[in-house]
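Remarks on the structure that follows.
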Amino acid sequence: MPTSSPPLGLNPAQQQVLAGLMAAGETRPEFDPMLPARLVDLLEDRLAETAGRLGGDGIDITAAKTMLGQVHQCERWFLAEQREGFTWSPKTAAGTVAHKAIELSVFCRDAPAPMDLVDRAVERLIDAGGSWGPREYLSGWAEAEVADLRSDACDRVTKFLECFPPLKPQWRPVLESRTTVQLCDGRITLKGKVDLALGRRDGNRATVLLVDFKSGAAHRSHVDDLRYYALLDTIRSGVPPFRVASYYLDSARWHHEDVDEDLLEAAAHRVVEGVIKLVELTVDKRPPTMTAGTACAYCPERNDCDGARQWADQRAALGLDA
Ligand code: SF4
């Protein structure tokens with residue numbers, strides 16, 4: 001992470017990111033080395049009874065950011081999404097291509113233009129083996145559809161390159177970094193993948209910035225996502241990140257929180273409450289509750305659910321679009 005004067009040639013947006021988001025030159029806090037152990041104790045103590053109901057017949061629970069967000073927002077929505085499973089859409093495919101292209105922009109040594117980065121990303125994703133990825137989804141597309149995707153992804157990559165300072169190797173940039181935390185003898189697994197980690201680790205001093213790139217508008221759930229990443233990174237690495245941030249590519253703005261013990265404990269309690277709900281709903285088969293909210297707009301249940309109608313009525317009463 002930068003600690004001295006900015007490199008020459010940065011545009012105003014890049015300088016803002018360097019000074020405001022990366023907090024170049026500012027002192028980083030130190031944390032108690034026992035903090036990660038205390039967080040694990042908190043999680044395992046509160047999850048012990050729930051974990052005791054797992055483990056038989058190979059039943060265990062893997063929780064991730066999206067699942068926790070859904071189950072906290074509306075349990076019925078969570079179960080509907082579980083039933084439907086993940087399906088690719090032009091938006092998710094463009095997002096995956098853009099993320100891959102941004103990753104390549106950091107590590108390709110020949111400084112390709114955004115369009116070349118997108119082409120390389122599409123090639124990498126189509127060539128990649130394994131079952132996950134948009135390879136099969138994209139293989140059935142017409143040329144014009146692929147062109148739309150390339151245009152969308154190129155827009156996002158260009159915005160990143162225009163607004164983020166070029167990432168120096170000494171900042172130790174890591175993209176799409178996955179973290180796994182196992183609790184309660186492996187019966188409960190927490191998974192996460194953060195878009196960008198920046199900073200060289202330094203003893204008990206918090207030196208790492210975690211950034212999630214967003215192509216849409218800000219949402220309250222983004223704060224919870226960031227805290228979840230901070231919790232996993234703290235337990236995995238033994239030291240918290242100093243800051244977590246959502247960076248909005250369309251507006252070149254960000255929301256950040258500086259990490260402290262209260263934030264991490266709040267994240268741990270939210271994980272506990274989410275995992276308990278996941279087990280109750282998927283293992284114990286408890287009927288879900290229903291909570292109308294922003295998810296009603298795209299929930300698979302929206303045509304058959306009273307919550308969607310309630311949400312539409314609330315918005316209409318406030319004079320907002322349904
Ligand atoms: S339509 Fe709304 S209230 Fe109903 S299940 Fe979906 S998110 Fe929940």
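Identifiers in the structure tokens: chain A, B, ... in order shown; residue index from 1 per chain; ligand index from 1 in order shown.
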To check your reading of the model: which residues sit at most 10 Å from ligand 1 when counting only C-alpha atoms and all ligand atoms? Write the answer as a PyMOL selection string.
chain A and resi 70-71+73-81+288-312
Quick one: DSSP strand (DSSP E) residues in region 56-255 of chain A, as number ranges by chain?
A: 61-64, 174-183, 188-198, 209-214, 243-248, 253-255
How close does region 19-133 of chain A get to region 207-217 of chain A? List, as a tab-separated table, each residue of region 19-133 of chain A within 10 Å, its nearest atom pair and the distance in Å to one decimal, counting only C-alpha atoms.
```
residue	atom	partner	partner_atom	distance
A:Leu21	CA	A:Leu209	CA	8.7
A:Met22	CA	A:Leu209	CA	7.1
A:Ala23	CA	A:Leu209	CA	9.4
A:Thr27	CA	A:Thr207	CA	9.2
A:Arg28	CA	A:Thr207	CA	6.1
A:Pro29	CA	A:Thr207	CA	8.0
A:Glu30	CA	A:Thr207	CA	9.0
A:Lys91	CA	A:Ser215	CA	9.9
A:Gly95	CA	A:Ser215	CA	8.0
A:Ala98	CA	A:Ser215	CA	9.9
A:His99	CA	A:Phe213	CA	8.5
```
Residues of region 153-194 of chain A that have any atom at most 12 Å from an atom of region 254-271 of chain A: could you tabulate them with the shortest-distance atom pair and the distance in Å to one decimal, using only C-alpha atoms, ordered by chain and increasing number, as JSON lines?
```
{"residue": "A:Cys163", "atom": "CA", "partner": "A:Trp254", "partner_atom": "CA", "distance": 11.3}
{"residue": "A:Phe164", "atom": "CA", "partner": "A:Trp254", "partner_atom": "CA", "distance": 11.5}
{"residue": "A:Val181", "atom": "CA", "partner": "A:Val271", "partner_atom": "CA", "distance": 12.0}
{"residue": "A:Leu183", "atom": "CA", "partner": "A:Val271", "partner_atom": "CA", "distance": 11.7}
{"residue": "A:Ile188", "atom": "CA", "partner": "A:Val271", "partner_atom": "CA", "distance": 11.0}
{"residue": "A:Thr189", "atom": "CA", "partner": "A:Val271", "partner_atom": "CA", "distance": 11.0}
{"residue": "A:Leu190", "atom": "CA", "partner": "A:Val271", "partner_atom": "CA", "distance": 8.8}
{"residue": "A:Lys191", "atom": "CA", "partner": "A:Val271", "partner_atom": "CA", "distance": 11.3}
```
Which residues of region 153-187 of chain A come within 7 Å of region 101-122 of chain A, and what is each one's closest atom pair and distance in Å (one decimal), counting only C-alpha atoms, sorted by chain and residue number, as a Markdown table?
```
| residue | atom | partner | partner_atom | distance |
| --- | --- | --- | --- | --- |
| A:Ala153 | CA | A:Val118 | CA | 6.6 |
| A:Cys154 | CA | A:Met115 | CA | 5.7 |
| A:Val157 | CA | A:Ile102 | CA | 6.0 |
| A:Thr158 | CA | A:Pro114 | CA | 5.7 |
| A:Leu167 | CA | A:Val106 | CA | 6.6 |
| A:Leu175 | CA | A:Glu103 | CA | 6.0 |
```
Preceding selection exported with C-alpha atoms as a compact mmCIF listing (two decimals), in the first residue's frame:
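Saved as result25.txt:
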```
# COMPACT_ATOMS: atom_id res chain seq x y z
CA ALA A 153 -17.62 -5.52 -19.83
CA CYS A 154 -15.38 -3.02 -21.64
CA VAL A 157 -12.96 -2.24 -17.24
CA THR A 158 -12.40 1.21 -18.72
CA LEU A 167 -1.74 -1.09 -8.96
CA LEU A 175 -7.66 -10.24 -7.08
```
Backbone DSSP call of helix (DSSP H, G or I) for region 65-177 of chain A, listed as a PyMOL selection string
chain A and resi 65-73+75-84+90-107+114-127+135-139+143-163+169-171
For region 33-48 of chain A, list every protein, DNA or RNA residue within 7 Å, evaluated using only C-alpha atoms, and leave out those in the same chain fewer than 4 positions away; present the list as number ranges by chain.
A: 52, 183-184, 204, 234-235, 238, 265, 268, 272
Using the selection just defined, write its residues with C-alpha atoms as a PDB file, in the first residue's frame.
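Dumped to part_38.pdb:
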```
ATOM      1  CA  GLY A  52     -24.443 -30.623  17.149  1.00  0.00           C
ATOM      2  CA  LEU A 183     -15.864 -24.065  12.361  1.00  0.00           C
ATOM      3  CA  CYS A 184     -17.117 -26.701  14.789  1.00  0.00           C
ATOM      4  CA  ASN A 204      -0.106  -7.240  14.070  1.00  0.00           C
ATOM      5  CA  THR A 234      -9.219 -11.629  10.098  1.00  0.00           C
ATOM      6  CA  ILE A 235      -9.686 -15.279  11.044  1.00  0.00           C
ATOM      7  CA  GLY A 238      -4.700 -13.437  11.983  1.00  0.00           C
ATOM      8  CA  GLU A 265     -18.046  -8.881  16.509  1.00  0.00           C
ATOM      9  CA  ALA A 268     -19.700 -12.650  13.727  1.00  0.00           C
ATOM     10  CA  VAL A 272     -24.226 -16.958  13.688  1.00  0.00           C
TER      11      VAL A 272
END
```
With only C-alpha atoms as the basis for distance, which of A:Leu281, A:Ile61, A:Asp250, A:Ala24 is at the shortest distance from Glu162 (chain A)?
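Using only C-alpha atoms, the shortest distance to Glu162 (chain A) belongs to A:Asp250.
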Counting only C-alpha atoms, which of A:Phe160, A:Trp171, A:Tyr229, A:Trp88 gets nearest to Gly133 (chain A)?
A:Trp88
Skip Glu176 (chain A) itself and residues of its chain fewer than 4 positions away, then list as a CSV table (one decimal) with all heavy atoms, in the first residue's frame all residues within 10 Å of it, counting only C-alpha atoms.
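What ended up in result08.csv:
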```csv
chain,number,residue,atom,x,y,z
A,99,HIS,N,-14.7,-8.7,-14.3
A,99,HIS,CA,-13.8,-9.0,-13.2
A,99,HIS,C,-12.5,-9.7,-13.7
A,99,HIS,O,-11.5,-9.5,-13.2
A,99,HIS,CB,-14.5,-9.9,-12.2
A,99,HIS,CG,-15.4,-9.1,-11.3
A,99,HIS,ND1,-16.6,-8.5,-11.7
A,99,HIS,CD2,-15.3,-8.8,-9.9
A,99,HIS,CE1,-17.1,-7.9,-10.6
A,99,HIS,NE2,-16.4,-8.0,-9.6
A,100,LYS,N,-12.7,-10.7,-14.6
A,100,LYS,CA,-11.5,-11.4,-15.1
A,100,LYS,C,-10.6,-10.4,-15.9
A,100,LYS,O,-9.4,-10.5,-15.8
A,100,LYS,CB,-12.0,-12.5,-16.1
A,100,LYS,CG,-10.9,-13.4,-16.6
A,100,LYS,CD,-10.4,-14.2,-15.4
A,100,LYS,CE,-9.2,-15.0,-15.8
A,100,LYS,NZ,-8.6,-15.7,-14.6
A,103,GLU,N,-8.7,-8.3,-13.5
A,103,GLU,CA,-7.6,-9.2,-13.0
A,103,GLU,C,-6.4,-9.2,-14.0
A,103,GLU,O,-5.3,-9.0,-13.6
A,103,GLU,CB,-8.1,-10.6,-12.7
A,103,GLU,CG,-7.1,-11.5,-12.1
A,103,GLU,CD,-7.7,-12.9,-11.9
A,103,GLU,OE1,-9.0,-13.0,-11.9
A,103,GLU,OE2,-7.0,-13.8,-11.7
A,192,GLY,N,-15.8,-17.1,1.2
A,192,GLY,CA,-15.9,-15.7,0.7
A,192,GLY,C,-14.9,-15.5,-0.4
A,192,GLY,O,-13.9,-16.2,-0.5
A,193,LYS,N,-15.2,-14.5,-1.3
A,193,LYS,CA,-14.2,-14.2,-2.4
A,193,LYS,C,-14.2,-12.7,-2.6
A,193,LYS,O,-15.3,-12.1,-2.9
A,193,LYS,CB,-14.6,-14.9,-3.7
A,193,LYS,CG,-13.5,-14.7,-4.8
A,193,LYS,CD,-13.9,-15.5,-6.0
A,193,LYS,CE,-15.1,-14.9,-6.7
A,193,LYS,NZ,-15.3,-15.4,-8.1
A,194,VAL,N,-13.1,-12.0,-2.3
A,194,VAL,CA,-13.1,-10.6,-2.3
A,194,VAL,C,-12.5,-10.1,-3.7
A,194,VAL,O,-11.5,-10.8,-4.1
A,194,VAL,CB,-12.4,-10.0,-1.1
A,194,VAL,CG1,-10.9,-10.3,-1.1
A,194,VAL,CG2,-12.7,-8.5,-1.0
A,195,ASP,N,-13.0,-9.1,-4.3
A,195,ASP,CA,-12.5,-8.7,-5.6
A,195,ASP,C,-11.0,-8.2,-5.5
A,195,ASP,O,-10.3,-8.6,-6.4
A,195,ASP,CB,-13.4,-7.5,-6.1
A,195,ASP,CG,-14.8,-8.0,-6.5
A,195,ASP,OD1,-14.9,-9.2,-6.7
A,195,ASP,OD2,-15.7,-7.1,-6.6
A,196,LEU,N,-10.7,-7.4,-4.6
A,196,LEU,CA,-9.3,-6.9,-4.5
A,196,LEU,C,-8.8,-6.7,-3.1
A,196,LEU,O,-9.5,-6.2,-2.3
A,196,LEU,CB,-9.3,-5.5,-5.2
A,196,LEU,CG,-8.0,-4.7,-5.1
A,196,LEU,CD1,-6.8,-5.4,-5.9
A,196,LEU,CD2,-8.1,-3.3,-5.7
A,197,ALA,N,-7.7,-7.3,-2.8
A,197,ALA,CA,-7.0,-7.0,-1.6
A,197,ALA,C,-5.7,-6.3,-1.9
A,197,ALA,O,-4.9,-6.7,-2.8
A,197,ALA,CB,-6.7,-8.4,-0.8
A,212,ASP,N,-14.6,-4.3,-2.9
A,212,ASP,CA,-15.5,-5.0,-3.7
A,212,ASP,C,-16.0,-4.1,-4.8
A,212,ASP,O,-16.4,-3.0,-4.5
A,212,ASP,CB,-16.7,-5.4,-2.8
A,212,ASP,CG,-17.3,-6.8,-3.2
A,212,ASP,OD1,-16.5,-7.6,-3.8
A,212,ASP,OD2,-18.4,-7.1,-2.8
```
Please compute the CA of Gly186 (chain A)-CA of Asp57 (chain A) distance, one decimal, in Å.
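If I compute the distance from CA of Gly186 (chain A) to CA of Asp57 (chain A), I get 14.0 Å.
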Please compute the CA of Gln15 (chain A)-CA of Pro165 (chain A) distance, one decimal, in Å.
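Result for CA of Gln15 (chain A) versus CA of Pro165 (chain A): 7.3 Å, one decimal.
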